[in-house]
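Reading through the structure tokens given below for one structure.
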Number of protein chains: 4
Amino acid sequence: MSATVQPAYSGIIVPMVTPLASTDKLDEVALERLVTHLLAGGVHGLFLLGTCGEGPSLSYRIRQELINRVCQQVAGRIPILVNITDTAGSETDLMARHAANAGADAVVIAPPFYLPLEQFELREYITCRVRQSPLPVMLYNMPALTKLEFEPLTVKRLADDPRIVGLKDSSGDLSYFESIRRHTRERADWSLLVGSEQLLVPSLQIGGNGGVCGGANIFPQLFVQIYDAAAAGETDSLGALVSKAGELGEIYDVGCRSAGCVVKALKTALKVIGIGEGLPAEPLRPLTTEEHAHIHKIVQTLGLELVSDVRGMTATKV
Amino acid sequence: MSATVQPAYSGIIVPMVTPLASTDKLDEVALERLVTHLLAGGVHGLFLLGTCGEGPSLSYRIRQELINRVCQQVAGRIPILVNITDTAGSETDLMARHAANAGADAVVIAPPFYLPLEQFELREYITCRVRQSPLPVMLYNMPALTKLEFEPLTVKRLADDPRIVGLKDSSGDLSYFESIRRHTRERADWSLLVGSEQLLVPSLQIGGNGGVCGGANIFPQLFVQIYDAAAAGETDSLGALVSKAGELGEIYDVGCRSAGCVVKALKTALKVIGIGEGLPAEPLRPLTTEEHAHIHKIVQTLGLELVSDVRGMTATKV
Amino acid sequence: MSATVQPAYSGIIVPMVTPLASTDKLDEVALERLVTHLLAGGVHGLFLLGTCGEGPSLSYRIRQELINRVCQQVAGRIPILVNITDTAGSETDLMARHAANAGADAVVIAPPFYLPLEQFELREYITCRVRQSPLPVMLYNMPALTKLEFEPLTVKRLADDPRIVGLKDSSGDLSYFESIRRHTRERADWSLLVGSEQLLVPSLQIGGNGGVCGGANIFPQLFVQIYDAAAAGETDSLGALVSKAGELGEIYDVGCRSAGCVVKALKTALKVIGIGEGLPAEPLRPLTTEEHAHIHKIVQTLGLELVSDVRGMTATKV
Amino acid sequence: MSATVQPAYSGIIVPMVTPLASTDKLDEVALERLVTHLLAGGVHGLFLLGTCGEGPSLSYRIRQELINRVCQQVAGRIPILVNITDTAGSETDLMARHAANAGADAVVIAPPFYLPLEQFELREYITCRVRQSPLPVMLYNMPALTKLEFEPLTVKRLADDPRIVGLKDSSGDLSYFESIRRHTRERADWSLLVGSEQLLVPSLQIGGNGGVCGGANIFPQLFVQIYDAAAAGETDSLGALVSKAGELGEIYDVGCRSAGCVVKALKTALKVIGIGEGLPAEPLRPLTTEEHAHIHKIVQTLGLELVSDVRGMTATKV
């Protein structure tokens with residue numbers, strides 16, 4: 001394999017939140033602003049309808065509309081990955097075809113998350129989905145929510161298929177991450193992405209290719225700078241940047257630290273900087289006024305400017 | 001509240017499996033046979049599209065078709081409950097309306113099973129669904145698969161709403177079951193059903209109203225007899241009946257004891273008695289030939305006759 | 001086996017707390033008062049050095065002194081069971097011999113609680129201890145603290161040995177309890193005791209022999225009355241008694257609901273009625289002043305009288 | 001703090017197994033051979049009576065004898081750390097004094113492992129032990145066995161005390177490890193050691209100071225070479241060394257992968273190279289003949305020579 005082969009997806013891939021006007025309706029203005037904000041921040045890709053994007057909570061109609069709108073706006077400038085995870089294989093396949101038609105670059109699949117499975121069933125299921133998908137597939141390891149992990153040996157076997165192009169690991173378990181790196185080292189083009197903001201730097205130190213960082217919805221440049229500094233081995237400047245990301249990360253402690261609270265905190269922080277109304281999809285409930293005020297304060301302390309206008313939006317300061 | 005108020009759903013409610021001709025196609029002949037078999041067995045109700053029915057694994061199209069066919073065939077002879085649990089509230093509501101239009105009696109809702117929730121969010125979510133549902137709602141506690149239980153105090157509060165009519169507990173935890181009984185004792189019409197076959201008798205001893213027993217797909221009369229004997233306090237005859245149910249339950253040990261293996265074992269046992277081809281829905285994979293042979297032997301030892309013909313089907317012997 | 005064979009240990013067996021004067025010193029006066037209080041309350045047995053008795057937290061010297069004092073004071077009026085669970089087999093055996101020499105009736109053994117074991121290793125370990133023990137042995141199932149349960153099939157096999165005389169189940173899992181009852185039904189002399197206060201009545205309904213109820217340290221008569229009423233099938237009077245026990249149980253909610261908080265709450269409640277200083281053993285820390293006041297109020301509301309004097313102590317009122 | 005301050009304990013610290021002649025008796029010859037073997041292998045320290053050393057399974061008498069013998073033989077050539085973890089504070093303190101008198105360098109304490117604790121109770125407990133201990137204290141994070149982790153903020157606060165000198169992390173969770181590194185970065189003398197062999201290299205890449213590797217009992221030079229290569233950044237030679245350690249690590253898969261199986265595998269592998277009889281302490285049971293043969297084959301494939309004689313023992317080849 002040539003040394004010039006590179007992972008297709010690396011750097012900061014934003015797990016984009018889905019701005020809503022009401023429970024079953026997109027907030028189209030906020031959505032356009034958010035995409036503009038992320039492009040201006042220099043991020044390397046978008047990840048739609050994942051956990052932060054509340055994919056499983058949305059009706060199929062909204063999911064499809066979101067894919068269409070984002071693909072149209074981005075227009076190929078950065079890659080778009082779409083989470084199509086579902087409990088029903090046929091619905092998953094439909095969504096893969098929709099993503100392909102809309103112009104997305106890859107689909108992302110976590111284990112079907114209702115029934116417990118054996119690993120051979122998981123492998124077979126993924127293989128069936130890959131066969132049906134017009135787009136390359138990235139695996140999504142999220143055991144806290146799917147109850148099932150892609151075991152390293154399962155990943156090793158799936159990695160024999162060149163249409164499977166990487167894994168996004170949201171286990172929060174750097175040991176698992178390191179094990180996947182070892183089990184896929186034959187694949188120079190494999191994209192190994194970490195889903196936990198606080199593991200971004202150590203994951204890069206042990207061979208990861210990038211991060212799917214929720215906080216990049218709010219402060220995209222910061223995460224891009226961290227990635228660049230870590231990739232360049234500039235350990236001196238890393239400290240202050242990581243510390244700033246840690247300050248932003250305090251928004252996750254406002255409610256609780258569950259995945260649901262992460263979503264609510266991100267949507268609230270976006271509202272603070274002028275993007276959307278902070279409304280989560282059912283079954284999540286909005287934060288309280290006190291919690292909102294707390295997040296407001298954290299965001300202000302970071303000096304993030306209000307995103308006042310789609311056209312005239314200036315990059316927020318680091 | 002008058003002492004004559006009774007729980008609407010009691011006795012043996014069968015968590016019906018969904019016979020498939022292929023991954024995305026109902027086996028209509030087997031389905032009709034299965035319903036005939038269950039009606040002949042004297043069961044007190046049907047529970048469609050639950051865990052045994054592989055609801056979350058099926059496309060929406062098949063789920064709707066199944067509801068239509070079963071409601072039409074049963075034609076009001078026994079109550080039909082439909083599991084409409086989903087991760088998206090709006091899809092859940094659509095299915096409730098579909099069930100109502102088809103003529104079902106009640107819908108069943110477990111917690112949305114992707115994002116972790118606080119109990120107040122769960123309560124609010126259920127309240128929204130109840131408001132949208134044309135049919136009465138039964139709660140479905142299945143923490144192993146949904147990662148979230150209906151805490152006893154949550155149930156107590158939800159039980160203030162008369163449109164919520166009971167709870168099916170598949171936790172396998174008799175302590176939880178007993179706690180729910182205590183927390184709902186104000187509701188004389190509350191149906192408290194147990195989802196674990198081996199807890200059927202002790203659950204009735206501590207005040208339960210019936211069981212949602214997977215094995216009743218295969219041997220409906222046996223479970224009806226157990227229920228009748230326990231309800232009448234005939235402890236002498238119970239021993240032999242429970243022991244027979246235990247023998248049938250050995251089919252669950254053939255693969256593993258996960259929920260997926262229960263489904264596969266039930267479908268295989270139905271095939272042995274002439275109903276369907278034993279095909280599970282994706283992501284489950286069929287049992288091996290050896291496992292099939294093992295189940296064949298268990299079913300034969302129980303003396304269950306082949307269900308040879310829909311019209312001429314005779315009740316299997318106990 | 002004759003129908004007249006009865007379980008040796010039934011009714012209310014108190015998991016006695018260990019009154020301390022300081023971290024490594026018994027409170028001898030409080031200890032004598034507590035034993036007098038329990039005897040006056042009519043309990044059917046004592047269980048020393050269990051979880052409530054903080055056995056594993058105490059030095060061996062204090063454990064031995066406690067056994068000596070209690071055996072001497074009780075003088076055979078009711079049976080005394082001694083928890084000798086340890087991580088080292090040889091230390092366990094030493095304590096069994098000590099308990100026998102002091103005049104105890106039986107020893108109680110939970111799985112050694114550091115290394116994870118296979119069930120065959122657990123079985124073999126228990127068999128070795130039984131062989132070394134001069135006293136009959138009761139099993140102690142406490143998986144939350146020992147990380148390992150006595151699986152039902154392990155109990156069934158251990159029950160072949162007549163020197164093993166029962167099982168105390170503190171799993172809080174009535175399903176497990178019911179399973180143990182089924183797996184030991186050949187042993188008419190088997191004592192199956194439940195460790196959870198709130199499961200006392202349902203456990204008796206499905207065939208249990210008694211309860212090891214922490215609250216009986218405070219209010220022994222109440223638990224004896226519940227046991228008597230349940231045994232006699234007097235369901236009418238049970239409601240009020242169980243409700244009173246539930247009120248007492250509110251003391252467990254004061255700190256948290258962990259085993260450590262149960263111990264702290266019991267010791268504090270005993271202090272309120274005049275027995276001891278409420279001091280837990282290391283590593284537990286005493287409750288705060290606010291928590292103490294909260295427990296004081298709960299105990300007062302129940303109308304429990306102060307135990308003013310060892311000789312002149314009158315039974316507290318129900 | 002001067003830049004020349006270094007962690008006191010770094011490199012390869014062997015979690016030494018405890019050779020036994022019978023359940024309650026040391027194998028003195030094997031013990032002497034083992035220590036000679038480890039010193040010859042160039043290891044940087046010994047860790048006695050930890051999980052691999054079966055400390056909690058041994059009588060206090062044997063624990064003390066082991067400490068005495070090893071301290072005498074090592075005679076200050078490398079540091080000796082002694083695990084004194086217990087459920088009773090006073091017994092812990094006694095062992096700390098014994099270790100100090102015998103000439104050990106530091107003691108190691110994990111959370112008391114029976115009752116669940118709050119973090120403030122754990123902190124207070126450790127502070128009491130430190131006050132009583134004549135030796136510096138290292139923390140031991142082993143949540144799988146103690147059910148309680150030293151939370152990062154607890155470690156940060158304990159690290160204010162200079163008598164607490166480091167942490168050995170056996171969580172297997174590199175994310176936790178990384179978090180501890182961040183929370184103790186003020187302490188230039190803090191020793192952060194990893195307990196998992198397969199995490200040795202990545203832990204060093206993210207700032208760890210060494211490893212407590214069970215496999216170093218068998219093949220001490222190999223782990224010393226890995227440590228040296230990683231410390232020097234010689235990534236080229238690391239691959240082959242790590243791969244060899246991975247081959248040795250296959251002995252852990254022979255039984256199961258629990259901590260108990262690790263101990264049994266290590267003792268059996270030592271027997272293969274001529275050290276001891278492979279006997280674990282109760283409650284563990286020895287491996288079967290087949291399992292023994294399997295381990296023999298793995299060890300032979302690695303080309304490890306028999307340690308034939310204490311005096312004439314030659315270093316095994318890498």
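In the structure tokens, each chain is lettered A, B, ... as it comes, each chain's residues begin at 1, and ligands are numbered from 1 in order of appearance.
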At a cut-off of 7 Å, can you tabulate as CSV every residue of chain A near chain B together with its closest atom pair and the distance in Å to one decimal, using only C-alpha atoms and ordering rows by chain then number?
residue,atom,partner,partner_atom,distance
A:Pro56,CA,B:Thr87,CA,5.7
A:Ser57,CA,B:Ala88,CA,4.1
A:Leu58,CA,B:Ala88,CA,5.3
A:Ser59,CA,B:Ala88,CA,6.0
A:Thr87,CA,B:Ser57,CA,5.2
A:Ala88,CA,B:Ser57,CA,4.1
A:Gly89,CA,B:Glu282,CA,6.4
A:Ser90,CA,B:Ser59,CA,6.2
A:Glu91,CA,B:Ser59,CA,6.2
A:Tyr114,CA,B:Leu145,CA,5.8
A:Leu115,CA,B:Gly260,CA,6.0
A:Pro116,CA,B:Gly260,CA,6.1
A:Leu117,CA,B:Gly260,CA,6.7
A:Glu121,CA,B:Arg285,CA,6.2
A:Leu122,CA,B:Pro283,CA,7.0
A:Tyr125,CA,B:Pro283,CA,5.6
A:Leu145,CA,B:Tyr114,CA,5.8
A:Ser258,CA,B:Pro116,CA,6.6
A:Ala259,CA,B:Leu115,CA,6.6
A:Gly260,CA,B:Leu115,CA,6.0
A:Glu282,CA,B:Gly89,CA,6.4
A:Pro283,CA,B:Tyr125,CA,5.6
A:Leu284,CA,B:Glu121,CA,6.2
A:Arg285,CA,B:Glu121,CA,6.2
Point to revise | DSSP-assigned alpha helix (DSSP H) members of region 27-71 of chain B, reported as number ranges by chain | key: B: 28-40, 60-71
Any chance you can output those residues with N, CA, C and O atoms as an mmCIF file, in the first residue's frame?
data_model
loop_
_atom_site.group_PDB
_atom_site.id
_atom_site.type_symbol
_atom_site.label_atom_id
_atom_site.label_comp_id
_atom_site.auth_asym_id
_atom_site.auth_seq_id
_atom_site.Cartn_x
_atom_site.Cartn_y
_atom_site.Cartn_z
ATOM 1 N N GLU B 28 -47.854 -14.417 5.274
ATOM 2 C CA GLU B 28 -49.273 -14.206 5.572
ATOM 3 C C GLU B 28 -49.988 -15.488 5.996
ATOM 4 O O GLU B 28 -50.868 -15.472 6.863
ATOM 5 N N VAL B 29 -49.575 -16.579 5.382
ATOM 6 C CA VAL B 29 -50.202 -17.856 5.742
ATOM 7 C C VAL B 29 -49.861 -18.214 7.184
ATOM 8 O O VAL B 29 -50.731 -18.588 7.984
ATOM 9 N N ALA B 30 -48.574 -18.102 7.513
ATOM 10 C CA ALA B 30 -48.160 -18.452 8.866
ATOM 11 C C ALA B 30 -48.813 -17.524 9.886
ATOM 12 O O ALA B 30 -49.191 -17.948 10.983
ATOM 13 N N LEU B 31 -48.943 -16.274 9.523
ATOM 14 C CA LEU B 31 -49.563 -15.321 10.440
ATOM 15 C C LEU B 31 -51.002 -15.724 10.750
ATOM 16 O O LEU B 31 -51.416 -15.751 11.919
ATOM 17 N N GLU B 32 -51.739 -16.084 9.724
ATOM 18 C CA GLU B 32 -53.125 -16.477 9.938
ATOM 19 C C GLU B 32 -53.197 -17.738 10.812
ATOM 20 O O GLU B 32 -54.006 -17.843 11.728
ATOM 21 N N ARG B 33 -52.306 -18.687 10.523
ATOM 22 C CA ARG B 33 -52.265 -19.908 11.336
ATOM 23 C C ARG B 33 -51.967 -19.609 12.795
ATOM 24 O O ARG B 33 -52.538 -20.198 13.702
ATOM 25 N N LEU B 34 -51.016 -18.723 12.997
ATOM 26 C CA LEU B 34 -50.598 -18.415 14.371
ATOM 27 C C LEU B 34 -51.759 -17.817 15.158
ATOM 28 O O LEU B 34 -52.053 -18.226 16.284
ATOM 29 N N VAL B 35 -52.470 -16.883 14.533
ATOM 30 C CA VAL B 35 -53.598 -16.254 15.236
ATOM 31 C C VAL B 35 -54.675 -17.299 15.540
ATOM 32 O O VAL B 35 -55.232 -17.354 16.648
ATOM 33 N N THR B 36 -54.944 -18.163 14.565
ATOM 34 C CA THR B 36 -55.931 -19.221 14.783
ATOM 35 C C THR B 36 -55.508 -20.125 15.945
ATOM 36 O O THR B 36 -56.308 -20.484 16.817
ATOM 37 N N HIS B 37 -54.243 -20.466 15.936
ATOM 38 C CA HIS B 37 -53.660 -21.318 16.984
ATOM 39 C C HIS B 37 -53.829 -20.682 18.369
ATOM 40 O O HIS B 37 -54.207 -21.357 19.341
ATOM 41 N N LEU B 38 -53.606 -19.388 18.449
ATOM 42 C CA LEU B 38 -53.674 -18.714 19.749
ATOM 43 C C LEU B 38 -55.121 -18.579 20.214
ATOM 44 O O LEU B 38 -55.430 -18.762 21.401
ATOM 45 N N LEU B 39 -56.010 -18.268 19.270
ATOM 46 C CA LEU B 39 -57.433 -18.172 19.640
ATOM 47 C C LEU B 39 -57.930 -19.535 20.104
ATOM 48 O O LEU B 39 -58.639 -19.641 21.124
ATOM 49 N N ALA B 40 -57.534 -20.581 19.404
ATOM 50 C CA ALA B 40 -57.944 -21.934 19.794
ATOM 51 C C ALA B 40 -57.403 -22.283 21.177
ATOM 52 O O ALA B 40 -58.003 -23.066 21.915
ATOM 53 N N TYR B 60 -41.766 0.276 8.863
ATOM 54 C CA TYR B 60 -43.076 0.797 9.277
ATOM 55 C C TYR B 60 -44.189 0.176 8.441
ATOM 56 O O TYR B 60 -45.284 -0.090 8.926
ATOM 57 N N ARG B 61 -43.893 -0.049 7.175
ATOM 58 C CA ARG B 61 -44.885 -0.622 6.278
ATOM 59 C C ARG B 61 -45.356 -1.993 6.793
ATOM 60 O O ARG B 61 -46.558 -2.268 6.895
ATOM 61 N N ILE B 62 -44.387 -2.845 7.166
ATOM 62 C CA ILE B 62 -44.763 -4.174 7.652
ATOM 63 C C ILE B 62 -45.488 -4.077 8.985
ATOM 64 O O ILE B 62 -46.436 -4.815 9.244
ATOM 65 N N ARG B 63 -45.025 -3.182 9.848
ATOM 66 C CA ARG B 63 -45.694 -3.060 11.152
ATOM 67 C C ARG B 63 -47.174 -2.755 10.943
ATOM 68 O O ARG B 63 -48.049 -3.334 11.598
ATOM 69 N N GLN B 64 -47.454 -1.836 10.016
ATOM 70 C CA GLN B 64 -48.853 -1.445 9.784
ATOM 71 C C GLN B 64 -49.654 -2.594 9.184
ATOM 72 O O GLN B 64 -50.790 -2.857 9.580
ATOM 73 N N GLU B 65 -49.018 -3.294 8.275
ATOM 74 C CA GLU B 65 -49.708 -4.410 7.633
ATOM 75 C C GLU B 65 -50.044 -5.491 8.676
ATOM 76 O O GLU B 65 -51.131 -6.061 8.669
ATOM 77 N N LEU B 66 -49.118 -5.744 9.547
ATOM 78 C CA LEU B 66 -49.352 -6.757 10.583
ATOM 79 C C LEU B 66 -50.534 -6.373 11.462
ATOM 80 O O LEU B 66 -51.419 -7.198 11.752
ATOM 81 N N ILE B 67 -50.563 -5.117 11.893
ATOM 82 C CA ILE B 67 -51.673 -4.653 12.738
ATOM 83 C C ILE B 67 -52.996 -4.859 12.014
ATOM 84 O O ILE B 67 -53.961 -5.396 12.578
ATOM 85 N N ASN B 68 -53.028 -4.455 10.767
ATOM 86 C CA ASN B 68 -54.275 -4.584 9.997
ATOM 87 C C ASN B 68 -54.757 -6.031 9.938
ATOM 88 O O ASN B 68 -55.915 -6.339 10.221
ATOM 89 N N ARG B 69 -53.858 -6.910 9.562
ATOM 90 C CA ARG B 69 -54.251 -8.306 9.368
ATOM 91 C C ARG B 69 -54.734 -8.953 10.663
ATOM 92 O O ARG B 69 -55.732 -9.677 10.685
ATOM 93 N N VAL B 70 -54.011 -8.704 11.749
ATOM 94 C CA VAL B 70 -54.381 -9.370 12.995
ATOM 95 C C VAL B 70 -55.713 -8.825 13.522
ATOM 96 O O VAL B 70 -56.588 -9.584 13.958
ATOM 97 N N CYS B 71 -55.875 -7.519 13.444
ATOM 98 C CA CYS B 71 -57.139 -6.945 13.927
ATOM 99 C C CYS B 71 -58.324 -7.510 13.131
ATOM 100 O O CYS B 71 -59.385 -7.816 13.702
#
**Study point:** DSSP strand (DSSP E or B) residues within region 148-301 of chain C, listed as a list in words
**Key:** Ile164, Val165, Gly166, Leu167, Lys168, Asp169, Ser191, Leu192, Leu193, Val194, Gly210 and Gly211 of chain C
Same residues, N, CA and C atoms, output as a PDB file, in the first residue's frame:
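Contents of the output file selection_11.pdb:
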ATOM      1  N   ILE C 164     -24.890 -27.297  55.658  1.00  0.00           N
ATOM      2  CA  ILE C 164     -25.278 -25.980  55.140  1.00  0.00           C
ATOM      3  C   ILE C 164     -26.782 -25.893  55.314  1.00  0.00           C
ATOM      4  N   VAL C 165     -27.227 -24.905  56.082  1.00  0.00           N
ATOM      5  CA  VAL C 165     -28.599 -24.957  56.597  1.00  0.00           C
ATOM      6  C   VAL C 165     -29.531 -23.878  56.067  1.00  0.00           C
ATOM      7  N   GLY C 166     -29.034 -23.025  55.179  1.00  0.00           N
ATOM      8  CA  GLY C 166     -29.937 -22.012  54.665  1.00  0.00           C
ATOM      9  C   GLY C 166     -29.219 -20.934  53.903  1.00  0.00           C
ATOM     10  N   LEU C 167     -29.968 -19.926  53.519  1.00  0.00           N
ATOM     11  CA  LEU C 167     -29.401 -18.798  52.779  1.00  0.00           C
ATOM     12  C   LEU C 167     -30.129 -17.519  53.170  1.00  0.00           C
ATOM     13  N   LYS C 168     -29.334 -16.506  53.423  1.00  0.00           N
ATOM     14  CA  LYS C 168     -29.852 -15.163  53.664  1.00  0.00           C
ATOM     15  C   LYS C 168     -29.603 -14.392  52.391  1.00  0.00           C
ATOM     16  N   ASP C 169     -30.687 -13.881  51.803  1.00  0.00           N
ATOM     17  CA  ASP C 169     -30.560 -13.195  50.518  1.00  0.00           C
ATOM     18  C   ASP C 169     -30.725 -11.689  50.669  1.00  0.00           C
ATOM     19  N   SER C 191     -33.416 -22.852  55.779  1.00  0.00           N
ATOM     20  CA  SER C 191     -33.878 -21.528  56.200  1.00  0.00           C
ATOM     21  C   SER C 191     -33.609 -20.524  55.090  1.00  0.00           C
ATOM     22  N   LEU C 192     -34.673 -20.003  54.527  1.00  0.00           N
ATOM     23  CA  LEU C 192     -34.499 -19.001  53.472  1.00  0.00           C
ATOM     24  C   LEU C 192     -34.968 -17.647  54.017  1.00  0.00           C
ATOM     25  N   LEU C 193     -34.004 -16.776  54.234  1.00  0.00           N
ATOM     26  CA  LEU C 193     -34.284 -15.492  54.872  1.00  0.00           C
ATOM     27  C   LEU C 193     -34.056 -14.362  53.886  1.00  0.00           C
ATOM     28  N   VAL C 194     -34.860 -13.321  54.000  1.00  0.00           N
ATOM     29  CA  VAL C 194     -34.699 -12.183  53.107  1.00  0.00           C
ATOM     30  C   VAL C 194     -34.042 -11.033  53.863  1.00  0.00           C
ATOM     31  N   GLY C 210     -38.358 -15.982  56.805  1.00  0.00           N
ATOM     32  CA  GLY C 210     -38.164 -14.901  57.760  1.00  0.00           C
ATOM     33  C   GLY C 210     -37.329 -13.797  57.166  1.00  0.00           C
ATOM     34  N   GLY C 211     -37.053 -12.807  57.998  1.00  0.00           N
ATOM     35  CA  GLY C 211     -36.330 -11.649  57.500  1.00  0.00           C
ATOM     36  C   GLY C 211     -35.205 -11.220  58.421  1.00  0.00           C
TER      37      GLY C 211
END
Point to revise | Spatial neighbours of region 10-13 of chain D, 12 Å, only C-alpha atoms, chain gap at least 3 places, as a PyMOL selection string | key: chain D and resi 6-7+16+38-39+41-48+50+78-82+165-168+189-197+200-201+203-204+207-217+219-231
**Study point:** Who sits within 9 Å of Ala110 (chain C), only C-alpha atoms, same chain under 5 positions skipped, as a PyMOL selection string
**Key:** chain C and resi 83-86+126+138-143+146+149-150
What's the 9 Å shell around Asp27 (chain C), counting only C-alpha atoms, without same-chain residues fewer than 5 positions away, as a PDB file with N, CA and C atoms, in the first residue's frame?
ATOM      1  N   THR C  18     -23.126  -2.710  65.587  1.00  0.00           N
ATOM      2  CA  THR C  18     -22.078  -2.851  66.588  1.00  0.00           C
ATOM      3  C   THR C  18     -21.807  -1.491  67.224  1.00  0.00           C
ATOM      4  N   PRO C  19     -22.293  -1.258  68.451  1.00  0.00           N
ATOM      5  CA  PRO C  19     -22.063   0.051  69.086  1.00  0.00           C
ATOM      6  C   PRO C  19     -20.587   0.253  69.399  1.00  0.00           C
ATOM      7  N   LEU C  20     -20.075   1.416  69.026  1.00  0.00           N
ATOM      8  CA  LEU C  20     -18.655   1.715  69.228  1.00  0.00           C
ATOM      9  C   LEU C  20     -18.475   2.936  70.123  1.00  0.00           C
ATOM     10  N   ALA C  21     -17.459   2.867  70.974  1.00  0.00           N
ATOM     11  CA  ALA C  21     -17.083   4.026  71.792  1.00  0.00           C
ATOM     12  C   ALA C  21     -16.095   4.893  71.021  1.00  0.00           C
ATOM     13  N   SER C  22     -15.236   4.239  70.260  1.00  0.00           N
ATOM     14  CA  SER C  22     -14.348   4.954  69.348  1.00  0.00           C
ATOM     15  C   SER C  22     -14.000   3.993  68.224  1.00  0.00           C
ATOM     16  N   GLU C  32     -24.829  -3.823  75.634  1.00  0.00           N
ATOM     17  CA  GLU C  32     -25.685  -4.572  76.551  1.00  0.00           C
ATOM     18  C   GLU C  32     -27.136  -4.079  76.439  1.00  0.00           C
ATOM     19  N   GLY C 276     -26.259   4.052  72.587  1.00  0.00           N
ATOM     20  CA  GLY C 276     -25.001   4.347  71.907  1.00  0.00           C
ATOM     21  C   GLY C 276     -24.894   5.769  71.405  1.00  0.00           C
ATOM     22  N   GLU C 277     -23.768   6.026  70.747  1.00  0.00           N
ATOM     23  CA  GLU C 277     -23.422   7.384  70.338  1.00  0.00           C
ATOM     24  C   GLU C 277     -23.539   7.618  68.833  1.00  0.00           C
TER      25      GLU C 277
END
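Excluding Ile298 (chain B) itself and any same-chain residue fewer than 6 positions from it, the protein and nucleic acid residues within 12 Å of it, counting only C-alpha atoms, are Ile218, Lys244, Ala245, Gly246, Glu247, Leu248, Gly249, Glu250, Ile251, Tyr252, Asp253, Val254, Ala265, Leu266, Thr268, Ala269, Val272, Ile273, Glu291, His292 and Leu304 of chain B.
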Check your understanding: Do you know which residues are at most 9 Å from Ser133 (chain D) counting only C-alpha atoms, after dropping those on the same chain fewer than 6 positions away, and could you put them as a list in words?
Key -> Asp93, Leu94, Ala96, Arg97, Ala100 and Val107 of chain D
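For the atom pair formed by CA of Lys156 (chain C) and CA of Gln198 (chain B), the distance is 17.6 Å, given to one decimal.
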